[in-house]
$ cat structure-v2.cif   # mmCIF, C-alpha atoms and all ligand atoms
data_entry
loop_
_atom_site.label_atom_id
_atom_site.label_comp_id
_atom_site.auth_asym_id
_atom_site.auth_seq_id
_atom_site.Cartn_x
_atom_site.Cartn_y
_atom_site.Cartn_z
CA MET Q 177 -23.56 11.30 -23.57
CA LYS Q 178 -24.44 14.71 -24.98
CA PHE Q 179 -22.21 17.69 -24.26
CA PHE Q 180 -23.88 21.09 -23.82
CA PHE Q 181 -21.72 24.18 -23.95
CA PRO Q 182 -22.96 27.03 -21.73
CA ASP Q 183 -23.01 30.35 -23.53
CA SER Q 184 -21.05 33.05 -21.71
CA GLN Q 185 -20.74 35.42 -24.67
CA ASP Q 186 -17.06 34.59 -25.09
CA LEU Q 187 -16.93 35.31 -28.81
CA VAL Q 188 -13.95 35.99 -31.08
CA ASP Q 189 -13.41 38.61 -33.75
CA PRO Q 190 -12.70 36.94 -37.13
CA SER Q 191 -11.22 40.19 -38.47
CA PHE Q 192 -8.44 40.22 -35.85
CA ASP Q 193 -4.97 40.38 -37.42
CA PHE Q 194 -2.55 38.43 -35.21
CA ASP Q 195 0.60 39.95 -36.66
CA LYS Q 196 -0.46 43.56 -36.50
CA GLU Q 197 -2.90 43.07 -33.59
CA THR Q 198 -5.52 45.20 -35.25
CA ARG Q 199 -9.24 44.69 -35.98
CA GLY Q 200 -11.19 45.17 -39.20
CA VAL Q 201 -12.37 48.77 -39.52
CA SER Q 202 -16.00 47.81 -40.18
CA ARG Q 203 -16.18 45.19 -37.40
CA LEU Q 204 -19.33 45.30 -35.29
CA ARG Q 205 -18.98 43.10 -32.24
CA GLN Q 206 -22.62 41.94 -32.05
CA ARG Q 207 -22.87 41.27 -35.76
CA ASP Q 208 -19.45 39.95 -36.75
CA ASP Q 209 -17.92 38.14 -33.76
CA CYS Q 210 -18.14 34.35 -33.81
CA TYR Q 211 -19.33 31.60 -31.48
CA PRO Q 212 -17.27 28.40 -31.34
CA HIS Q 213 -19.68 26.65 -33.74
CA GLU Q 214 -18.96 29.32 -36.34
CA MET Q 215 -15.21 28.71 -36.20
CA PHE Q 216 -15.25 25.00 -37.06
CA LYS Q 217 -16.65 22.92 -39.92
CA LEU Q 218 -18.66 20.95 -37.35
CA PRO Q 219 -19.84 22.39 -34.01
CA PRO Q 220 -17.64 21.25 -31.09
CA TYR Q 221 -20.68 20.34 -28.92
CA ASP Q 222 -24.10 18.68 -29.14
CA GLY Q 223 -26.00 21.54 -27.59
CA MET Q 224 -25.82 24.92 -25.93
CA LEU Q 225 -27.04 25.98 -22.51
CA VAL Q 226 -28.36 29.49 -21.98
CA SER Q 227 -28.86 30.67 -18.40
CA ARG Q 228 -31.45 33.25 -17.52
CA ALA Q 229 -29.00 34.75 -14.99
CA ILE Q 230 -26.23 35.11 -17.61
CA ILE Q 231 -28.62 37.03 -19.84
CA ASP Q 232 -29.33 39.46 -17.04
CA GLU Q 233 -25.63 39.79 -16.17
CA ARG Q 234 -23.86 39.84 -19.53
CA TYR Q 235 -26.29 40.70 -22.31
CA THR Q 236 -26.67 44.31 -23.34
CA PHE Q 237 -30.17 45.74 -23.59
CA PRO Q 238 -30.23 45.48 -27.43
CA GLN Q 239 -28.99 41.87 -27.16
CA LYS Q 240 -31.84 41.02 -24.79
CA GLN Q 241 -34.33 42.62 -27.15
CA ARG Q 242 -32.94 40.66 -30.11
CA LEU Q 243 -33.02 37.40 -28.14
CA PHE Q 244 -36.69 37.83 -27.32
CA ARG Q 245 -37.62 39.06 -30.78
CA LYS Q 246 -35.69 36.57 -32.91
CA GLY Q 247 -35.60 33.58 -30.56
CA VAL Q 248 -32.61 31.82 -29.04
CA ARG Q 249 -31.74 29.72 -32.12
CA GLU Q 250 -31.39 32.69 -34.40
CA PHE Q 251 -29.72 34.74 -31.67
CA LEU Q 252 -26.98 32.10 -31.26
CA ARG Q 253 -26.83 31.79 -35.04
CA LEU Q 254 -27.69 28.09 -34.89
CA GLY Q 255 -30.55 28.46 -37.33
CA ASP Q 256 -28.75 27.40 -40.46
CA GLY Q 257 -25.43 26.02 -41.66
CA GLY Q 258 -26.38 22.48 -40.63
CA HIS Q 259 -26.70 23.42 -36.97
CA ASN Q 260 -30.29 22.33 -36.56
CA GLY Q 261 -29.23 19.17 -34.73
CA ILE Q 262 -27.87 21.33 -31.89
CA ASN Q 263 -30.27 21.38 -28.96
CA ILE Q 264 -30.68 24.50 -26.89
CA LEU Q 265 -31.25 24.02 -23.18
CA GLY Q 266 -32.41 26.78 -20.87
CA ASP Q 267 -31.87 27.09 -17.13
CA CYS Q 268 -32.06 29.77 -14.45
CA GLY Q 269 -28.38 29.78 -13.45
CA ALA Q 270 -29.05 28.93 -9.79
CA PHE Q 271 -25.44 29.46 -8.67
CA SER Q 272 -25.71 33.18 -9.39
CA TYR Q 273 -28.53 33.63 -6.86
CA LYS Q 274 -27.26 31.10 -4.30
CA ASP Q 275 -27.14 33.73 -1.54
CA GLN Q 276 -30.71 34.94 -2.02
CA GLU Q 277 -33.55 33.74 0.16
CA ILE Q 278 -35.62 32.58 -2.81
CA PRO Q 279 -34.94 32.46 -6.59
CA PRO Q 280 -35.48 35.82 -8.32
CA PHE Q 281 -37.71 34.22 -11.00
CA THR Q 282 -41.20 32.79 -10.82
CA VAL Q 283 -42.26 29.62 -12.64
CA ASP Q 284 -44.47 31.71 -14.95
CA ASP Q 285 -41.51 34.01 -15.80
CA VAL Q 286 -39.31 31.11 -16.72
CA ILE Q 287 -41.92 29.22 -18.74
CA GLY Q 288 -42.66 32.44 -20.65
CA PHE Q 289 -38.94 32.96 -21.27
CA TYR Q 290 -38.35 29.42 -22.60
CA GLU Q 291 -41.45 29.48 -24.76
CA GLN Q 292 -40.99 32.95 -26.21
CA CYS Q 293 -37.32 32.29 -27.06
CA GLY Q 294 -38.04 28.84 -28.52
CA PHE Q 295 -35.85 26.63 -26.31
CA ASP Q 296 -35.80 22.88 -27.10
CA LEU Q 297 -35.35 21.91 -23.45
CA GLY Q 298 -36.11 23.85 -20.27
CA ILE Q 299 -34.95 23.25 -16.70
CA SER Q 300 -37.40 24.05 -13.90
CA VAL Q 301 -36.71 26.85 -11.40
CA ASP Q 302 -34.38 25.63 -8.65
CA HIS Q 303 -32.49 26.75 -5.59
CA ILE Q 304 -28.99 25.33 -5.26
CA ILE Q 305 -27.76 23.48 -2.18
CA LEU Q 306 -24.00 23.57 -1.60
CA ASP Q 307 -23.82 21.76 1.73
CA TYR Q 308 -23.10 18.17 0.73
CA ASN Q 309 -22.32 15.93 3.66
CA ALA Q 310 -22.87 12.17 3.55
CA ALA Q 311 -23.20 12.19 7.37
CA PHE Q 312 -26.63 13.80 6.94
CA ASP Q 313 -27.77 10.31 5.92
CA SER Q 314 -26.70 8.78 9.22
CA SER Q 315 -25.41 10.63 12.26
CA MET Q 316 -26.53 14.21 11.56
CA LYS Q 317 -29.76 15.97 10.74
CA ALA Q 318 -29.73 18.27 7.71
CA PRO Q 319 -30.36 21.93 8.66
CA LYS Q 320 -33.84 23.28 7.96
CA ARG Q 321 -32.40 25.96 5.65
CA ILE Q 322 -31.23 23.39 3.09
CA VAL Q 323 -34.21 21.08 3.50
CA ASP Q 324 -36.43 24.07 2.69
CA ARG Q 325 -34.46 24.67 -0.52
CA GLN Q 326 -35.14 21.13 -1.68
CA THR Q 327 -38.83 21.40 -0.81
CA LEU Q 328 -39.06 24.68 -2.72
CA THR Q 329 -37.23 23.22 -5.75
CA LEU Q 330 -39.66 20.26 -5.79
CA GLU Q 331 -42.68 22.54 -5.47
CA TYR Q 332 -41.41 24.64 -8.37
CA ALA Q 333 -40.82 21.47 -10.42
CA ALA Q 334 -44.42 20.30 -9.88
CA GLU Q 335 -45.80 23.71 -10.85
CA PHE Q 336 -43.42 23.96 -13.82
CA LEU Q 337 -44.48 20.60 -15.25
CA ALA Q 338 -48.20 21.17 -14.72
CA LYS Q 339 -48.16 24.65 -16.24
CA SER Q 340 -45.94 23.76 -19.21
CA LYS Q 341 -48.23 20.79 -20.00
CA LYS Q 342 -51.35 22.89 -19.65
CA SER Q 343 -49.98 25.58 -21.95
CA LYS Q 344 -48.84 22.89 -24.43
CA CYS Q 345 -45.30 24.30 -24.37
CA ARG Q 346 -42.99 23.14 -27.11
CA PHE Q 347 -39.88 22.65 -24.93
CA GLN Q 348 -39.15 19.41 -23.12
CA PRO Q 349 -39.25 20.09 -19.35
CA LEU Q 350 -36.51 18.88 -17.00
CA GLY Q 351 -36.98 18.77 -13.24
CA VAL Q 352 -34.06 19.56 -10.93
CA ALA Q 353 -32.81 17.29 -8.18
CA GLN Q 354 -31.04 19.22 -5.41
CA GLY Q 355 -29.79 17.47 -2.29
CA TRP Q 356 -27.25 17.35 0.55
CA SER Q 357 -26.46 13.61 0.64
CA PRO Q 358 -26.90 10.48 -1.53
CA LYS Q 359 -30.28 9.65 0.04
CA SER Q 360 -31.63 13.19 -0.26
CA TYR Q 361 -30.73 13.32 -3.97
CA ALA Q 362 -32.40 9.94 -4.51
CA HIS Q 363 -35.48 11.30 -2.71
CA SER Q 364 -35.61 14.26 -5.13
CA VAL Q 365 -35.33 12.04 -8.21
CA LYS Q 366 -38.04 9.73 -6.92
CA LYS Q 367 -40.39 12.67 -6.34
CA LEU Q 368 -39.65 14.14 -9.78
CA GLN Q 369 -40.35 10.80 -11.46
CA ASN Q 370 -43.65 10.56 -9.59
CA MET Q 371 -44.59 14.00 -10.93
CA GLY Q 372 -44.00 12.70 -14.47
CA TYR Q 373 -40.46 13.84 -15.31
CA SER Q 374 -38.34 11.49 -17.43
CA TYR Q 375 -35.36 13.87 -17.79
CA VAL Q 376 -33.83 15.12 -14.54
CA ALA Q 377 -31.05 17.66 -14.08
CA VAL Q 378 -28.84 17.00 -11.06
CA GLY Q 379 -27.57 20.23 -9.47
CA GLY Q 380 -25.03 21.20 -6.83
CA LEU Q 381 -22.42 18.67 -8.01
CA VAL Q 382 -19.71 21.17 -9.02
CA PRO Q 383 -17.91 21.55 -5.65
CA MET Q 384 -18.34 17.86 -4.74
CA LYS Q 385 -15.49 15.32 -4.79
CA THR Q 386 -15.76 12.79 -7.62
CA VAL Q 387 -16.19 9.95 -5.12
CA ASP Q 388 -19.18 11.77 -3.58
CA VAL Q 389 -20.68 12.43 -7.02
CA LEU Q 390 -20.41 8.72 -7.80
CA THR Q 391 -21.93 7.67 -4.46
CA THR Q 392 -24.79 10.10 -5.08
CA LEU Q 393 -25.40 8.83 -8.61
CA GLU Q 394 -25.33 5.28 -7.30
CA ALA Q 395 -28.05 6.15 -4.77
CA ILE Q 396 -30.08 7.90 -7.48
CA ASN Q 397 -29.66 4.86 -9.72
CA GLU Q 398 -31.38 2.68 -7.14
CA VAL Q 399 -34.63 4.66 -7.49
CA ARG Q 400 -34.21 5.69 -11.14
CA ASN Q 401 -36.74 4.40 -13.65
CA LYS Q 402 -35.07 2.87 -16.68
CA LYS Q 403 -36.49 5.54 -18.95
CA THR Q 404 -35.29 8.43 -16.77
CA GLY Q 405 -32.22 10.18 -18.15
CA LEU Q 406 -29.98 12.46 -16.05
CA HIS Q 407 -28.32 15.74 -16.97
CA LEU Q 408 -25.31 16.59 -14.78
CA LEU Q 409 -25.20 20.35 -14.31
CA GLY Q 410 -21.76 21.93 -14.74
CA ILE Q 411 -19.67 18.80 -14.40
CA THR Q 412 -16.85 17.49 -16.63
CA ARG Q 413 -14.53 14.92 -14.95
CA PHE Q 414 -13.70 13.05 -18.12
CA SER Q 415 -12.12 10.08 -16.33
CA SER Q 416 -15.49 9.20 -14.74
CA ILE Q 417 -17.68 9.58 -17.81
CA THR Q 418 -18.22 5.85 -18.27
CA GLU Q 419 -19.41 5.54 -14.67
CA PHE Q 420 -21.69 8.58 -15.06
CA GLU Q 421 -23.25 6.95 -18.11
CA ASN Q 422 -23.70 3.67 -16.33
CA TYR Q 423 -25.67 5.52 -13.65
CA GLY Q 424 -28.06 6.97 -16.23
CA ALA Q 425 -26.41 10.27 -17.22
CA ILE Q 426 -27.26 11.12 -20.83
CA SER Q 427 -25.99 14.70 -20.91
CA PHE Q 428 -23.91 17.26 -19.06
CA ASP Q 429 -22.71 20.81 -19.53
CA SER Q 430 -19.33 22.37 -18.83
CA THR Q 431 -17.37 25.53 -19.59
CA SER Q 432 -14.21 23.97 -18.21
CA PRO Q 433 -12.45 23.25 -21.59
CA LEU Q 434 -12.93 26.91 -22.57
CA LEU Q 435 -12.04 28.43 -19.20
CA GLN Q 436 -8.91 26.33 -18.67
CA ALA Q 437 -7.38 28.05 -21.69
CA PHE Q 438 -6.99 31.26 -19.70
CA LYS Q 439 -7.81 30.47 -16.06
CA SER Q 440 -5.65 27.44 -15.36
CA ASP Q 441 -2.05 27.85 -14.17
CA ASN Q 442 -0.75 24.95 -16.23
CA ASP Q 443 -3.43 23.15 -18.28
CA ASN Q 444 -4.14 25.78 -20.92
CA TYR Q 445 -3.87 23.80 -24.15
CA HIS Q 446 -5.44 20.35 -24.34
CA THR Q 447 -4.57 17.43 -26.58
CA HIS Q 448 -6.12 13.96 -26.68
CA ASP Q 449 -3.78 12.62 -24.03
CA THR Q 450 -2.18 15.52 -22.19
CA THR Q 451 -2.27 19.25 -21.45
CA TYR Q 452 0.25 22.07 -21.94
CA ILE Q 453 0.90 25.45 -20.42
CA ALA Q 454 0.38 28.49 -22.67
CA LEU Q 455 3.34 30.80 -23.20
CA ARG Q 456 2.81 34.04 -21.26
CA VAL Q 457 3.55 37.14 -23.34
CA PRO Q 458 1.18 39.70 -21.82
CA GLN Q 459 0.47 43.06 -23.42
CA ILE Q 460 2.02 45.79 -21.31
CA GLU Q 461 -1.12 47.90 -21.74
CA GLY Q 462 -3.42 45.08 -20.67
CA ASN Q 463 -1.42 43.96 -17.63
CA ALA Q 464 -2.40 45.93 -14.54
CA LYS Q 465 0.45 44.60 -12.41
CA LEU Q 466 3.09 45.43 -14.97
CA LYS Q 467 1.67 48.88 -15.56
CA ALA Q 468 1.66 49.58 -11.82
CA SER Q 469 5.27 48.42 -11.53
CA ILE Q 470 6.29 50.75 -14.40
CA LEU Q 471 4.47 53.67 -12.79
CA ALA Q 472 6.17 52.95 -9.46
CA GLY Q 473 9.53 53.08 -11.21
CA LYS Q 474 10.30 49.44 -10.37
CA THR Q 475 10.26 48.33 -13.99
CA ASN Q 476 11.95 49.93 -16.96
CA GLN Q 477 9.17 50.49 -19.52
CA ASP Q 478 11.53 50.51 -22.51
CA LEU Q 479 13.11 47.24 -21.51
CA ALA Q 480 9.68 45.64 -20.92
CA ARG Q 481 8.43 46.79 -24.31
CA LYS Q 482 11.59 45.62 -26.04
CA LEU Q 483 11.31 42.15 -24.47
CA GLU Q 484 7.61 41.89 -25.28
CA ARG Q 485 8.24 42.70 -28.95
CA GLU Q 486 11.25 40.43 -29.13
CA CYS Q 487 9.34 37.49 -27.63
CA LEU Q 488 6.59 37.89 -30.23
CA ARG Q 489 9.08 38.11 -33.08
CA LEU Q 490 11.12 35.13 -31.90
CA LEU Q 491 8.06 32.95 -31.35
CA LYS Q 492 6.93 33.54 -34.93
CA GLU Q 493 10.43 32.77 -36.16
CA PHE Q 494 10.54 29.66 -34.01
CA ASP Q 495 7.31 28.46 -35.64
CA ARG Q 496 9.13 28.69 -38.98
CA ASN Q 497 12.18 26.83 -37.59
CA ARG Q 498 14.40 29.87 -37.94
CA VAL Q 499 15.53 30.28 -34.32
CA SER Q 500 16.54 27.82 -31.63
CA LEU Q 501 14.41 26.72 -28.72
CA ASP Q 502 16.93 28.08 -26.21
CA THR Q 503 16.83 31.58 -27.70
CA VAL Q 504 13.03 31.74 -27.47
CA LEU Q 505 12.97 30.21 -24.02
CA ASN Q 506 15.56 32.64 -22.63
CA HIS Q 507 13.65 35.64 -23.92
CA LEU Q 508 10.33 34.33 -22.57
CA LEU Q 509 11.91 33.84 -19.16
CA ALA Q 510 13.59 37.26 -19.22
CA TYR Q 511 10.24 38.90 -19.96
CA GLU Q 512 8.53 36.77 -17.35
CA GLU Q 513 11.02 37.94 -14.74
CA ILE Q 514 9.60 41.42 -15.35
CA HIS Q 515 5.87 40.73 -15.73
CA ASP Q 516 5.55 37.98 -13.14
CA GLY Q 517 8.75 36.89 -11.43
CA ARG Q 518 7.06 34.61 -8.87
CA ILE Q 519 7.31 31.30 -10.70
CA ASN Q 520 9.92 29.81 -12.95
CA ARG Q 521 8.07 28.16 -15.81
CA ARG Q 522 11.22 27.00 -17.61
CA ASP Q 523 10.40 23.26 -17.61
CA ALA Q 524 6.78 23.74 -18.66
CA TYR Q 525 7.75 26.15 -21.46
CA PHE Q 526 10.55 23.87 -22.62
CA ARG Q 527 8.06 20.99 -22.92
CA VAL Q 528 5.64 23.02 -25.08
CA LEU Q 529 8.35 24.37 -27.33
CA GLU Q 530 9.94 20.96 -27.76
CA ASP Q 531 6.67 19.08 -28.43
CA ARG Q 532 5.09 21.85 -30.58
CA PRO Q 533 1.55 20.42 -30.03
CA TRP Q 534 -0.12 23.11 -32.18
CA LYS Q 535 1.67 21.65 -35.23
CA TYR Q 536 -0.12 18.33 -34.80
CA CYS Q 537 -3.64 19.60 -34.20
CA THR Q 538 -5.92 19.46 -37.22
CA CYS Q 539 -8.55 21.87 -35.87
CA ASP Q 540 -9.42 24.98 -37.86
CA ILE Q 541 -8.03 27.25 -35.11
CA CYS Q 542 -4.56 25.69 -34.89
CA ILE Q 543 -4.19 25.36 -38.66
CA LYS Q 544 -4.99 29.04 -39.09
CA LEU Q 545 -3.20 30.49 -36.05
CA GLY Q 546 -0.05 28.40 -35.77
CA ILE Q 547 1.96 29.29 -32.66
CA HIS Q 548 -0.37 32.21 -31.81
CA VAL Q 549 -2.77 29.65 -30.28
CA MET Q 550 -0.14 28.88 -27.61
CA LEU Q 551 0.28 32.51 -26.53
CA PHE Q 552 -1.33 33.61 -23.31
CA ARG Q 553 -2.03 37.09 -24.55
CA GLY Q 554 -5.35 38.95 -24.95
CA ALA Q 555 -8.87 37.56 -25.39
CA GLU Q 556 -8.56 36.86 -29.12
CA ARG Q 557 -5.79 34.31 -28.65
CA ASN Q 558 -6.93 33.02 -25.24
CA ARG Q 559 -10.52 32.36 -26.32
CA ARG Q 560 -9.43 30.71 -29.56
CA ARG Q 561 -7.27 28.35 -27.50
CA GLY Q 562 -10.43 27.68 -25.46
CA PHE Q 563 -12.32 26.90 -28.67
CA HIS Q 564 -9.54 24.50 -29.64
CA ASN Q 565 -9.96 22.84 -26.20
CA LEU Q 566 -13.69 22.46 -26.87
CA TYR Q 567 -12.89 20.80 -30.19
CA VAL Q 568 -10.46 18.38 -28.52
CA PHE Q 569 -12.87 17.68 -25.67
CA ASN Q 570 -15.73 16.93 -28.06
CA ASN Q 571 -13.52 14.62 -30.12
CA ARG Q 572 -12.35 12.79 -27.00
CA LEU Q 573 -15.98 12.31 -26.07
CA ARG Q 574 -16.84 10.97 -29.53
CA ARG Q 575 -13.82 8.66 -29.47
CA HIS Q 576 -14.78 7.49 -26.00
CA HIS Q 577 -18.25 6.60 -27.28
CA ASP Q 578 -16.73 4.34 -29.91
CA SER Q 579 -14.16 2.78 -27.62
CA PRO Q 580 -14.27 -0.96 -26.86
CA TYR Q 581 -13.63 -0.16 -23.17
CA ARG Q 582 -16.93 1.70 -22.96
CA LYS Q 583 -18.87 -1.16 -24.58
CA GLN Q 584 -17.31 -3.53 -22.11
CA ALA Q 585 -18.14 -1.21 -19.20
CA THR Q 586 -21.75 -0.88 -20.36
CA ASN Q 587 -22.06 -4.66 -20.53
CA ILE Q 588 -20.74 -5.03 -17.01
CA SER Q 589 -23.30 -2.53 -15.81
CA SER Q 590 -26.20 -4.27 -17.49
CA THR Q 591 -25.07 -7.61 -16.06
CA LYS Q 592 -24.91 -5.99 -12.63
CA SER Q 593 -28.42 -4.59 -12.91
CA LYS Q 594 -29.73 -7.98 -14.07
CA MET Q 595 -28.16 -9.55 -11.01
CA ILE Q 596 -29.81 -7.00 -8.75
CA LEU Q 597 -33.17 -7.72 -10.37
ZN ZN G 1 -6.39 22.89 -32.40
#
$ encode --input "structure-v2.cif" --output "structure tokens"
Amino acid sequence: MKFFFPDSQDLVDPSFDFDKETRGVSRLRQRDDCYPHEMFKLPPYDGMLVSRAIIDERYTFPQKQRLFRKGVREFLRLGDGGHNGINILGDCGAFSYKDQEIPPFTVDDVIGFYEQCGFDLGISVDHIILDYNAAFDSSMKAPKRIVDRQTLTLEYAAEFLAKSKKSKCRFQPLGVAQGWSPKSYAHSVKKLQNMGYSYVAVGGLVPMKTVDVLTTLEAINEVRNKKTGLHLLGITRFSSITEFENYGAISFDSTSPLLQAFKSDNDNYHTHDTTYIALRVPQIEGNAKLKASILAGKTNQDLARKLERECLRLLKEFDRNRVSLDTVLNHLLAYEEIHDGRINRRDAYFRVLEDRPWKYCTCDICIKLGIHVMLFRGAERNRRRGFHNLYVFNNRLRRHHDSPYRKQATNISSTKSKMIL
């Protein structure tokens, strides 16, 4: 099962000084900031996914020019340093234009984009369907609006394959299966196989319940040719990975390990068997709510600043075993009372401080940063914690591949398919 990491231009500045919170004077963001694969000895993923929509949304004009001129491999700095085994997959980013009548790209646009930028794999133009309902297979009729989206996606896939073959494109094409029920997804996969696709991306799974994803994959599996591999778009769900594989999934992509570092309420720092909350020590300047409260006279700015500084100092001292857990915890909670005040995170913070998970992680980030990796504070720390999560996720995946449980599960599946035959 190959893991593709979607690029969202969440880079880190290697010149950032965590004690002084300053950057190198000569730092140029575009030139010097690092992708996750530049922060570890080995890249924490098998491939990267670049969405056409993300380029339009997040890339600056000079970045776009460089991407088209140098190609995607050089742009992502995957061209050397032993990164040649990393595959680069392109897609349109259908979620970003979900509300539009038709996709904003033509098949010719997208083929030209993949080819000019030198992608290894390219996903056909699709239009996402977010109306999953298993009842559409029995008691209800699917609305025309969503049926039309599937028809359009299949038409695009046929055109995409024919044109990329005719132009002798170097990327491997993937067709997209969109659907609204198990049977409709199976219908898409069957059609795509008939067109000649042997690698199919399954879309629209993100908001679905795991049980519905599994039912859908089971239905797809009934029509799937043995040589057809599936890519699951935007889906993680680690606990179901063995089942996904047994239904023919060979790859997936997910930003979840990165995003959880700074978007989740509790699961910010991942280890092989559990997750931890990150310790909130926000910068007064960067915290809109806190700033507003100071301006309104509700919060004493001097006290807030004093607590912020003291928390940072005590956490560093705690990492060196020079202050007690209770002292750090009390200061964190006193500061939290000011910058948040809604939730008491005492138990969750106590658990992190007592277990000190960053001390046991052997990744390049944790070794270098120490306790800074646990601080929920500014993009430099938060993204690095996300990179650490990618490292852990990738290692869990590798370990899972070698596990006896997986071999056993695969055997069960092959026995089952023999019985069906
Ligand atoms: Zn780590």
$ residues_near_ligand --input "structure-v2.cif" --ligand "ligand ZN 1 (chain G)" --cutoff "6 Å" --atoms "only C-alpha atoms and all ligand atoms" --output "count of residues only"
6
$ atom_distance --input "structure-v2.cif" --atom1 "CA of Lys320 (chain Q)" --atom2 "CA of Met371 (chain Q)"
23.6 Å
$ closest_residue --input "structure-v2.cif" --among "Q:Leu252, Q:Leu483, Q:Ala310, Q:Leu435" --to "Val389 (chain Q)" --atoms "all atoms listed in the file"
Q:Ala310
$ closest_residue --input "structure-v2.cif" --among "Q:Tyr235, Q:Tyr211, Q:Tyr308, Q:Phe281" --to "Tyr332 (chain Q)" --atoms "only C-alpha atoms"
Q:Phe281
$ closest_residue --input "structure-v2.cif" --among "Q:Gln459, Q:Phe295, Q:Cys345, Q:Gly372" --to "Gly247 (chain Q)" --atoms "only C-alpha atoms"
Q:Phe295
$ residues_around --input "structure-v2.cif" --residues "region 179-183 of chain Q" --least-positions-apart "5" --cutoff "6 Å" --atoms "all atoms listed in the file" --output "MDAnalysis selection string"
chainID Q and resid 221:226 427:430
$ write_last_selection --input "structure-v2.cif" --atoms "C-alpha atoms" --output "compact mmCIF listing (two decimals), in the coordinates of the input"
# COMPACT_ATOMS: atom_id res chain seq x y z
CA TYR Q 221 -20.68 20.34 -28.92
CA ASP Q 222 -24.10 18.68 -29.14
CA GLY Q 223 -26.00 21.54 -27.59
CA MET Q 224 -25.82 24.92 -25.93
CA LEU Q 225 -27.04 25.98 -22.51
CA VAL Q 226 -28.36 29.49 -21.98
CA SER Q 427 -25.99 14.70 -20.91
CA PHE Q 428 -23.91 17.26 -19.06
CA ASP Q 429 -22.71 20.81 -19.53
CA SER Q 430 -19.33 22.37 -18.83
$ decode --input "structure-v2.cif" --residues "region 459-471 of chain Q" --atoms "N, CA and C atoms" --output "PDB file, in the first residue's frame"
ATOM      1  N   GLN Q 459       1.435  32.568  20.824  1.00  0.00           N
ATOM      2  CA  GLN Q 459       2.076  33.888  20.824  1.00  0.00           C
ATOM      3  C   GLN Q 459       0.976  34.928  20.986  1.00  0.00           C
ATOM      4  N   ILE Q 460       1.201  35.874  21.848  1.00  0.00           N
ATOM      5  CA  ILE Q 460       0.173  36.909  22.049  1.00  0.00           C
ATOM      6  C   ILE Q 460      -0.119  37.626  20.726  1.00  0.00           C
ATOM      7  N   GLU Q 461       0.960  37.929  20.006  1.00  0.00           N
ATOM      8  CA  GLU Q 461       0.810  38.664  18.735  1.00  0.00           C
ATOM      9  C   GLU Q 461       0.012  37.868  17.698  1.00  0.00           C
ATOM     10  N   GLY Q 462       0.179  36.538  17.727  1.00  0.00           N
ATOM     11  CA  GLY Q 462      -0.447  35.723  16.693  1.00  0.00           C
ATOM     12  C   GLY Q 462      -1.832  35.223  17.078  1.00  0.00           C
ATOM     13  N   ASN Q 463      -2.319  35.582  18.253  1.00  0.00           N
ATOM     14  CA  ASN Q 463      -3.592  35.041  18.731  1.00  0.00           C
ATOM     15  C   ASN Q 463      -4.661  36.136  18.717  1.00  0.00           C
ATOM     16  N   ALA Q 464      -5.525  36.082  17.721  1.00  0.00           N
ATOM     17  CA  ALA Q 464      -6.506  37.147  17.501  1.00  0.00           C
ATOM     18  C   ALA Q 464      -7.435  37.341  18.702  1.00  0.00           C
ATOM     19  N   LYS Q 465      -7.838  36.215  19.292  1.00  0.00           N
ATOM     20  CA  LYS Q 465      -8.774  36.275  20.414  1.00  0.00           C
ATOM     21  C   LYS Q 465      -8.146  36.966  21.631  1.00  0.00           C
ATOM     22  N   LEU Q 466      -6.904  36.597  21.880  1.00  0.00           N
ATOM     23  CA  LEU Q 466      -6.186  37.154  23.021  1.00  0.00           C
ATOM     24  C   LEU Q 466      -5.929  38.655  22.811  1.00  0.00           C
ATOM     25  N   LYS Q 467      -5.565  38.984  21.596  1.00  0.00           N
ATOM     26  CA  LYS Q 467      -5.300  40.398  21.279  1.00  0.00           C
ATOM     27  C   LYS Q 467      -6.571  41.242  21.490  1.00  0.00           C
ATOM     28  N   ALA Q 468      -7.694  40.684  20.999  1.00  0.00           N
ATOM     29  CA  ALA Q 468      -8.975  41.384  21.123  1.00  0.00           C
ATOM     30  C   ALA Q 468      -9.336  41.576  22.593  1.00  0.00           C
ATOM     31  N   SER Q 469      -9.073  40.540  23.399  1.00  0.00           N
ATOM     32  CA  SER Q 469      -9.405  40.610  24.820  1.00  0.00           C
ATOM     33  C   SER Q 469      -8.541  41.649  25.531  1.00  0.00           C
ATOM     34  N   ILE Q 470      -7.262  41.774  25.105  1.00  0.00           N
ATOM     35  CA  ILE Q 470      -6.372  42.793  25.674  1.00  0.00           C
ATOM     36  C   ILE Q 470      -6.881  44.194  25.310  1.00  0.00           C
ATOM     37  N   LEU Q 471      -7.232  44.337  24.030  1.00  0.00           N
ATOM     38  CA  LEU Q 471      -7.717  45.635  23.545  1.00  0.00           C
ATOM     39  C   LEU Q 471      -9.003  46.057  24.250  1.00  0.00           C
TER      40      LEU Q 471
END
